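Dropping work.pdb in here (PDB, C-alpha atoms, pLDDT in the B column):
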```pdb
ATOM      1  CA  GLN A  10      -5.223 -41.764   7.634  1.00 62.00           C
ATOM      2  CA  ARG A  11      -4.124 -38.565   5.938  1.00 61.00           C
ATOM      3  CA  THR A  12      -4.890 -36.433   9.003  1.00 62.00           C
ATOM      4  CA  ALA A  13      -2.742 -38.754  11.126  1.00 67.00           C
ATOM      5  CA  ILE A  14       0.365 -37.925   9.079  1.00 67.00           C
ATOM      6  CA  PRO A  15       2.429 -35.329  10.973  1.00 66.00           C
ATOM      7  CA  CYS A  16       3.152 -32.165   9.008  1.00 64.00           C
ATOM      8  CA  THR A  17       5.272 -29.229  10.093  1.00 63.00           C
ATOM      9  CA  VAL A  18       4.294 -25.860   8.692  1.00 64.00           C
ATOM     10  CA  TRP A  19       6.751 -23.161   9.698  1.00 60.00           C
ATOM     11  CA  GLN A  20       5.277 -20.089  11.328  1.00 62.00           C
ATOM     12  CA  HIS A  21       3.780 -17.852   8.649  1.00 58.00           C
ATOM     13  CA  PHE A  22       5.747 -19.143   5.648  1.00 56.00           C
ATOM     14  CA  TRP A  23       4.562 -22.116   3.668  1.00 58.00           C
ATOM     15  CA  SER A  24       4.753 -22.565  -0.075  1.00 64.00           C
ATOM     16  CA  PRO A  25       1.803 -24.751  -1.043  1.00 66.00           C
ATOM     17  CA  PRO A  26       1.243 -26.559  -4.323  1.00 69.00           C
ATOM     18  CA  PRO A  27      -0.552 -24.187  -6.781  1.00 74.00           C
ATOM     19  CA  TRP A  28      -3.573 -26.498  -7.104  1.00 72.00           C
ATOM     20  CA  ILE A  29      -4.538 -25.759  -3.504  1.00 71.00           C
ATOM     21  CA  ALA A  30      -5.122 -22.057  -4.175  1.00 72.00           C
ATOM     22  CA  ARG A  31      -7.113 -22.928  -7.306  1.00 75.00           C
ATOM     23  CA  GLN A  32      -9.276 -25.393  -5.359  1.00 73.00           C
ATOM     24  CA  ALA A  33      -9.959 -22.819  -2.660  1.00 73.00           C
ATOM     25  CA  THR A  34     -11.985 -20.670  -5.041  1.00 74.00           C
ATOM     26  CA  GLY A  35     -14.987 -23.031  -5.033  1.00 82.00           C
ATOM     27  CA  PRO A  36     -17.459 -22.530  -2.144  1.00 87.00           C
ATOM     28  CA  GLU A  37     -17.750 -26.227  -1.259  1.00 90.00           C
ATOM     29  CA  ALA A  38     -13.994 -26.790  -1.444  1.00 88.00           C
ATOM     30  CA  ALA A  39     -13.428 -23.665   0.657  1.00 91.00           C
ATOM     31  CA  ARG A  40     -15.727 -25.028   3.376  1.00 93.00           C
ATOM     32  CA  ARG A  41     -13.842 -28.341   3.379  1.00 92.00           C
ATOM     33  CA  ILE A  42     -10.453 -26.630   3.502  1.00 91.00           C
ATOM     34  CA  ALA A  43     -11.579 -24.329   6.332  1.00 94.00           C
ATOM     35  CA  ARG A  44     -12.266 -27.454   8.403  1.00 93.00           C
ATOM     36  CA  SER A  45      -9.076 -29.267   7.330  1.00 89.00           C
ATOM     37  CA  ALA A  46      -6.722 -30.608   9.977  1.00 85.00           C
ATOM     38  CA  HIS A  47      -3.835 -29.296   7.834  1.00 84.00           C
ATOM     39  CA  VAL A  48      -3.002 -25.811   9.029  1.00 85.00           C
ATOM     40  CA  GLY A  49      -1.134 -25.031   5.806  1.00 83.00           C
ATOM     41  CA  LEU A  50      -4.294 -25.576   3.776  1.00 86.00           C
ATOM     42  CA  ARG A  51      -6.245 -23.280   6.076  1.00 89.00           C
ATOM     43  CA  ARG A  52      -3.571 -20.599   5.730  1.00 89.00           C
ATOM     44  CA  VAL A  53      -3.748 -20.786   1.935  1.00 88.00           C
ATOM     45  CA  LEU A  54      -7.506 -20.462   2.084  1.00 91.00           C
ATOM     46  CA  ALA A  55      -7.242 -17.468   4.428  1.00 92.00           C
ATOM     47  CA  ALA A  56      -5.163 -15.670   1.778  1.00 90.00           C
ATOM     48  CA  GLN A  57      -8.060 -15.615  -0.711  1.00 90.00           C
ATOM     49  CA  PRO A  58      -9.328 -12.052  -1.337  1.00 92.00           C
ATOM     50  CA  HIS A  59     -13.009 -13.017  -1.022  1.00 92.00           C
ATOM     51  CA  LEU A  60     -14.651 -15.783   0.983  1.00 94.00           C
ATOM     52  CA  THR A  61     -18.200 -16.604   2.015  1.00 94.00           C
ATOM     53  CA  PRO A  62     -19.326 -15.405   5.463  1.00 96.00           C
ATOM     54  CA  GLY A  63     -19.403 -18.952   6.855  1.00 96.00           C
ATOM     55  CA  VAL A  64     -15.832 -19.669   5.767  1.00 96.00           C
ATOM     56  CA  VAL A  65     -14.657 -16.293   7.075  1.00 97.00           C
ATOM     57  CA  ALA A  66     -16.221 -17.102  10.464  1.00 98.00           C
ATOM     58  CA  LEU A  67     -14.447 -20.472  10.608  1.00 97.00           C
ATOM     59  CA  LEU A  68     -11.069 -18.973   9.743  1.00 97.00           C
ATOM     60  CA  ALA A  69     -11.490 -15.991  12.078  1.00 98.00           C
ATOM     61  CA  ALA A  70     -11.995 -18.448  14.951  1.00 98.00           C
ATOM     62  CA  ASP A  71      -9.115 -20.723  13.896  1.00 97.00           C
ATOM     63  CA  GLU A  72      -6.734 -21.831  16.650  1.00 94.00           C
ATOM     64  CA  ASP A  73      -3.724 -20.991  14.469  1.00 92.00           C
ATOM     65  CA  GLU A  74      -2.579 -17.379  14.818  1.00 92.00           C
ATOM     66  CA  TRP A  75      -1.233 -17.283  11.249  1.00 91.00           C
ATOM     67  CA  VAL A  76      -4.536 -18.415   9.785  1.00 94.00           C
ATOM     68  CA  ARG A  77      -6.221 -15.490  11.537  1.00 96.00           C
ATOM     69  CA  ARG A  78      -3.457 -13.056  10.609  1.00 95.00           C
ATOM     70  CA  THR A  79      -3.440 -14.146   6.970  1.00 93.00           C
ATOM     71  CA  LEU A  80      -7.201 -13.690   6.839  1.00 96.00           C
ATOM     72  CA  ALA A  81      -6.887 -10.171   8.275  1.00 97.00           C
ATOM     73  CA  GLU A  82      -4.033  -9.226   5.958  1.00 95.00           C
ATOM     74  CA  SER A  83      -5.288 -10.756   2.691  1.00 93.00           C
ATOM     75  CA  CYS A  84      -9.048 -11.150   2.708  1.00 95.00           C
ATOM     76  CA  GLU A  85     -11.223  -8.122   2.009  1.00 96.00           C
ATOM     77  CA  ASP A  86     -13.991  -9.819   3.984  1.00 96.00           C
ATOM     78  CA  ALA A  87     -12.005 -10.144   7.245  1.00 97.00           C
ATOM     79  CA  PRO A  88     -14.290  -9.340  10.189  1.00 98.00           C
ATOM     80  CA  HIS A  89     -14.007  -6.110  12.128  1.00 98.00           C
ATOM     81  CA  GLU A  90     -13.686  -7.903  15.483  1.00 97.00           C
ATOM     82  CA  LEU A  91     -10.677  -9.910  14.299  1.00 98.00           C
ATOM     83  CA  LEU A  92      -8.965  -6.798  12.936  1.00 98.00           C
ATOM     84  CA  VAL A  93      -9.417  -4.943  16.232  1.00 98.00           C
ATOM     85  CA  GLU A  94      -8.183  -7.943  18.226  1.00 97.00           C
ATOM     86  CA  LEU A  95      -5.029  -8.265  16.127  1.00 97.00           C
ATOM     87  CA  TYR A  96      -4.432  -4.507  16.131  1.00 97.00           C
ATOM     88  CA  ALA A  97      -4.506  -4.584  19.924  1.00 97.00           C
ATOM     89  CA  THR A  98      -2.368  -7.678  20.468  1.00 96.00           C
ATOM     90  CA  VAL A  99       0.111  -8.427  17.658  1.00 94.00           C
ATOM     91  CA  GLN A 100       3.650  -7.817  18.849  1.00 91.00           C
ATOM     92  CA  ASP A 101       5.587  -7.430  15.615  1.00 89.00           C
ATOM     93  CA  ARG A 102       5.989  -4.562  13.172  1.00 87.00           C
ATOM     94  CA  TYR A 103       2.833  -5.450  11.235  1.00 87.00           C
ATOM     95  CA  TRP A 104       0.403  -4.595  14.035  1.00 91.00           C
ATOM     96  CA  SER A 105      -0.506  -1.133  12.737  1.00 91.00           C
ATOM     97  CA  GLY A 106      -1.478  -2.380   9.264  1.00 93.00           C
ATOM     98  CA  TYR A 107      -4.727  -3.909  10.510  1.00 96.00           C
ATOM     99  CA  ARG A 108      -6.037  -0.381  11.054  1.00 95.00           C
ATOM    100  CA  ASN A 109      -5.836   0.228   7.285  1.00 95.00           C
ATOM    101  CA  HIS A 110      -8.247  -2.583   6.413  1.00 96.00           C
ATOM    102  CA  ARG A 111     -11.570  -1.379   5.013  1.00 96.00           C
ATOM    103  CA  ASN A 112     -13.492  -3.211   7.779  1.00 97.00           C
ATOM    104  CA  PHE A 113     -11.561  -1.678  10.687  1.00 97.00           C
ATOM    105  CA  ALA A 114     -13.190   1.739  11.120  1.00 96.00           C
ATOM    106  CA  ARG A 115     -16.721   1.219  12.413  1.00 95.00           C
ATOM    107  CA  PRO A 116     -19.202   2.920  14.709  1.00 97.00           C
ATOM    108  CA  GLY A 117     -18.665   1.712  18.255  1.00 97.00           C
ATOM    109  CA  LEU A 118     -14.886   2.032  18.422  1.00 98.00           C
ATOM    110  CA  ALA A 119     -15.328   5.041  20.727  1.00 98.00           C
ATOM    111  CA  ARG A 120     -16.002   2.532  23.512  1.00 97.00           C
ATOM    112  CA  PHE A 121     -12.221   2.061  23.718  1.00 98.00           C
ATOM    113  CA  ALA A 122     -11.506   5.713  24.600  1.00 98.00           C
ATOM    114  CA  ASP A 123     -10.673   4.786  28.200  1.00 97.00           C
ATOM    115  CA  ASP A 124      -9.106   1.387  27.544  1.00 98.00           C
ATOM    116  CA  PRO A 125      -5.765   0.741  29.258  1.00 98.00           C
ATOM    117  CA  ASN A 126      -4.325  -0.392  25.902  1.00 98.00           C
ATOM    118  CA  PRO A 127      -3.082   2.730  24.035  1.00 97.00           C
ATOM    119  CA  ARG A 128      -3.618   1.016  20.675  1.00 97.00           C
ATOM    120  CA  LEU A 129      -7.311   0.650  21.443  1.00 98.00           C
ATOM    121  CA  ARG A 130      -7.542   4.266  22.608  1.00 98.00           C
ATOM    122  CA  HIS A 131      -6.013   5.184  19.247  1.00 97.00           C
ATOM    123  CA  ALA A 132      -8.604   2.964  17.533  1.00 97.00           C
ATOM    124  CA  ALA A 133     -11.349   4.972  19.243  1.00 98.00           C
ATOM    125  CA  LEU A 134     -10.405   7.853  16.927  1.00 97.00           C
ATOM    126  CA  ASP A 135     -11.436   5.676  13.947  1.00 97.00           C
ATOM    127  CA  ASP A 136     -15.068   5.652  15.060  1.00 97.00           C
ATOM    128  CA  PRO A 137     -16.794   7.606  12.257  1.00 96.00           C
ATOM    129  CA  GLU A 138     -19.564   8.643  14.648  1.00 97.00           C
ATOM    130  CA  ALA A 139     -17.243   9.979  17.350  1.00 96.00           C
ATOM    131  CA  GLY A 140     -17.505  13.713  17.796  1.00 96.00           C
ATOM    132  CA  PRO A 141     -15.102  16.510  18.698  1.00 97.00           C
ATOM    133  CA  GLU A 142     -15.515  15.855  22.432  1.00 97.00           C
ATOM    134  CA  LEU A 143     -13.838  12.444  22.117  1.00 98.00           C
ATOM    135  CA  VAL A 144     -11.018  13.882  20.027  1.00 98.00           C
ATOM    136  CA  LEU A 145     -10.523  16.713  22.511  1.00 97.00           C
ATOM    137  CA  ARG A 146     -10.414  14.269  25.430  1.00 96.00           C
ATOM    138  CA  LEU A 147      -7.847  12.050  23.703  1.00 98.00           C
ATOM    139  CA  ALA A 148      -5.721  15.050  22.708  1.00 97.00           C
ATOM    140  CA  ASP A 149      -4.448  15.145  26.286  1.00 95.00           C
ATOM    141  CA  ASP A 150      -3.622  11.429  26.342  1.00 97.00           C
ATOM    142  CA  PRO A 151       0.171  11.102  26.640  1.00 96.00           C
ATOM    143  CA  GLU A 152       0.273   8.083  24.320  1.00 97.00           C
ATOM    144  CA  VAL A 153      -2.298   8.915  21.627  1.00 97.00           C
ATOM    145  CA  GLY A 154      -2.561  12.673  21.946  1.00 97.00           C
ATOM    146  CA  GLY A 155      -0.485  13.317  18.837  1.00 96.00           C
ATOM    147  CA  TRP A 156      -2.960  11.427  16.658  1.00 97.00           C
ATOM    148  CA  ALA A 157      -5.904  13.194  18.272  1.00 98.00           C
ATOM    149  CA  VAL A 158      -4.334  16.608  17.657  1.00 98.00           C
ATOM    150  CA  ARG A 159      -3.969  15.668  13.954  1.00 97.00           C
ATOM    151  CA  ASP A 160      -7.652  14.711  13.767  1.00 97.00           C
ATOM    152  CA  PRO A 161      -9.726  17.212  11.727  1.00 97.00           C
ATOM    153  CA  ARG A 162     -12.583  16.874  14.256  1.00 97.00           C
ATOM    154  CA  LEU A 163     -10.527  18.717  16.875  1.00 97.00           C
ATOM    155  CA  PRO A 164     -12.319  22.042  17.497  1.00 96.00           C
ATOM    156  CA  ALA A 165     -10.682  24.917  15.582  1.00 94.00           C
ATOM    157  CA  ASP A 166      -9.968  27.065  18.652  1.00 95.00           C
ATOM    158  CA  GLU A 167      -8.310  24.108  20.371  1.00 96.00           C
ATOM    159  CA  LEU A 168      -6.293  23.303  17.256  1.00 95.00           C
ATOM    160  CA  LEU A 169      -4.953  26.871  17.128  1.00 94.00           C
ATOM    161  CA  ARG A 170      -4.161  26.790  20.859  1.00 95.00           C
ATOM    162  CA  ARG A 171      -2.236  23.546  20.526  1.00 95.00           C
ATOM    163  CA  LEU A 172      -0.288  24.985  17.628  1.00 94.00           C
ATOM    164  CA  THR A 173       1.349  27.267  20.220  1.00 93.00           C
ATOM    165  CA  LEU A 174       2.258  24.416  22.599  1.00 95.00           C
ATOM    166  CA  PRO A 175       5.708  22.916  21.962  1.00 94.00           C
ATOM    167  CA  ALA A 176       4.521  19.377  22.750  1.00 94.00           C
ATOM    168  CA  HIS A 177       1.661  19.586  20.232  1.00 95.00           C
ATOM    169  CA  ALA A 178       2.843  22.097  17.623  1.00 93.00           C
ATOM    170  CA  ALA A 179       4.094  19.565  15.054  1.00 93.00           C
ATOM    171  CA  ALA A 180       0.946  17.440  15.286  1.00 96.00           C
ATOM    172  CA  ALA A 181      -1.288  20.538  15.094  1.00 95.00           C
ATOM    173  CA  ALA A 182       0.613  21.790  12.042  1.00 93.00           C
ATOM    174  CA  GLY A 183      -0.192  18.482  10.338  1.00 93.00           C
ATOM    175  CA  ASN A 184      -3.920  18.718  10.970  1.00 95.00           C
ATOM    176  CA  PRO A 185      -5.777  19.021   7.630  1.00 95.00           C
ATOM    177  CA  ALA A 186      -8.387  21.267   9.283  1.00 94.00           C
ATOM    178  CA  LEU A 187      -5.812  23.978   9.963  1.00 93.00           C
ATOM    179  CA  PRO A 188      -7.076  27.212   8.329  1.00 92.00           C
ATOM    180  CA  VAL A 189      -5.367  27.980   5.026  1.00 90.00           C
ATOM    181  CA  ALA A 190      -4.248  31.406   6.247  1.00 90.00           C
ATOM    182  CA  VAL A 191      -2.489  29.782   9.200  1.00 89.00           C
ATOM    183  CA  MET A 192      -0.834  27.234   6.871  1.00 87.00           C
ATOM    184  CA  HIS A 193       0.506  30.094   4.723  1.00 88.00           C
ATOM    185  CA  HIS A 194       1.751  31.915   7.827  1.00 87.00           C
ATOM    186  CA  LEU A 195       3.600  28.786   9.011  1.00 84.00           C
ATOM    187  CA  LEU A 196       5.177  28.349   5.556  1.00 84.00           C
ATOM    188  CA  ASP A 197       6.279  31.992   5.562  1.00 84.00           C
ATOM    189  CA  LEU A 198       7.860  31.523   8.991  1.00 82.00           C
ATOM    190  CA  ALA A 199       9.666  28.404   7.799  1.00 80.00           C
ATOM    191  CA  ARG A 200      11.024  30.211   4.724  1.00 85.00           C
ATOM    192  CA  ALA A 201      12.261  33.112   6.871  1.00 84.00           C
ATOM    193  CA  ARG A 202      14.447  30.796   8.941  1.00 80.00           C
TER
END
```
In C-alpha cells, what does this structure look like?
Amino acid sequence: QRTAIPCTVWQHFWSPPPWIARQATGPEAARRIARSAHVGLRRVLAAQPHLTPGVVALLAADEDEWVRRTLAESCEDAPHELLVELYATVQDRYWSGYRNHRNFARPGLARFADDPNPRLRHAALDDPEAGPELVLRLADDPEVGGWAVRDPRLPADELLRRLTLPAHAAAAAGNPALPVAVMHHLLDLARAR
C-alpha cells in the first residue's frame, strides 16, 4: 500500500526526515532502502560516505540519475565505471568533479585515447600506467592538448619545444616537470617586462 502512494521528489533536492539517514547506516536497512520504490530514500542512502559493495552496485545501477550522481559525489566507495560514465555524459557544471574522486584514476583509462568524446580522451591522461607516448600523442589533440602539455610525463625535449610555441607556451610553463633553471629564466623574463 505504501509503494502505491504517489510521491514527487524534485530533481536532486529533497530534504528527508533525519531518521532516514540514521537508519541507512545499518547494513540490512541499507539493503532494504537500496531496493525501495521511494526514490528519495535511495538518494539519501546514496549520500552515505561508505556502503557495502552490494548496496553500491544496486545504487550504481539505479534508474534515477540523481541516485547515481549522489552516489558518485558523496560515497567514497562509488565505482570507477560509474564515475567515468558520469564524467563523460553529465551536462551541467559539475561534470568535471567526478574526475577528482579517488576511484576515478585507474589503469585502463588509456583505452579512451582515441575516443570521439574529448572528456574521455582527457580521462586517458589519468591512467597511472600510461607512458610518455600517450601524453605526447594527446599533446597535439586540439581539445585536450593543453592538459597533455601540462602532464609531467611529457618528454623533457618536447616540453621545452612546446614552451616556444605560442599555442602551447602557457600550458608548458605550468608543467611541474619544467627544469628549475627554465622556471627561473621565465620568472626573470616576466620581471623584466
- Note on the structure: Shortest contact to Pro161 (chain A), candidates A:Leu198, A:Ala179, A:Leu187, A:Leu129, atoms counted only C-alpha atoms, goes to A:Leu187
- Task: Please indicate the distance in Å from CA of Pro58 (chain A) to CA of Ala39 (chain A), rounded to one decimal place.
- Result: 12.5 Å
- Do you have the CA of Ala201 (chain A)-CA of Glu167 (chain A) distance handy? 26.2 Å
- Query: Of the candidates A:Val144, A:Leu80, A:Leu60, A:Ala139, which one gets nearest to His110 (chain A) if we count all atoms listed in the file?
  - Reply: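 For His110 (chain A), the nearest of the candidates is A:Leu80.
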- Between A:Ala119, A:Leu195, A:Ala97, A:Ala178, smallest distance to Pro137 (chain A) by all atoms listed in the file belongs to A:Ala119
- Query: How would you write, as a PyMOL selection string, the residues chosen by the PyMOL selection byres ((chain A and resi 149) around 12) on this structure?
  - Reply: chain A and resi 122+130+142-148+150-158+163+167+171+176-177
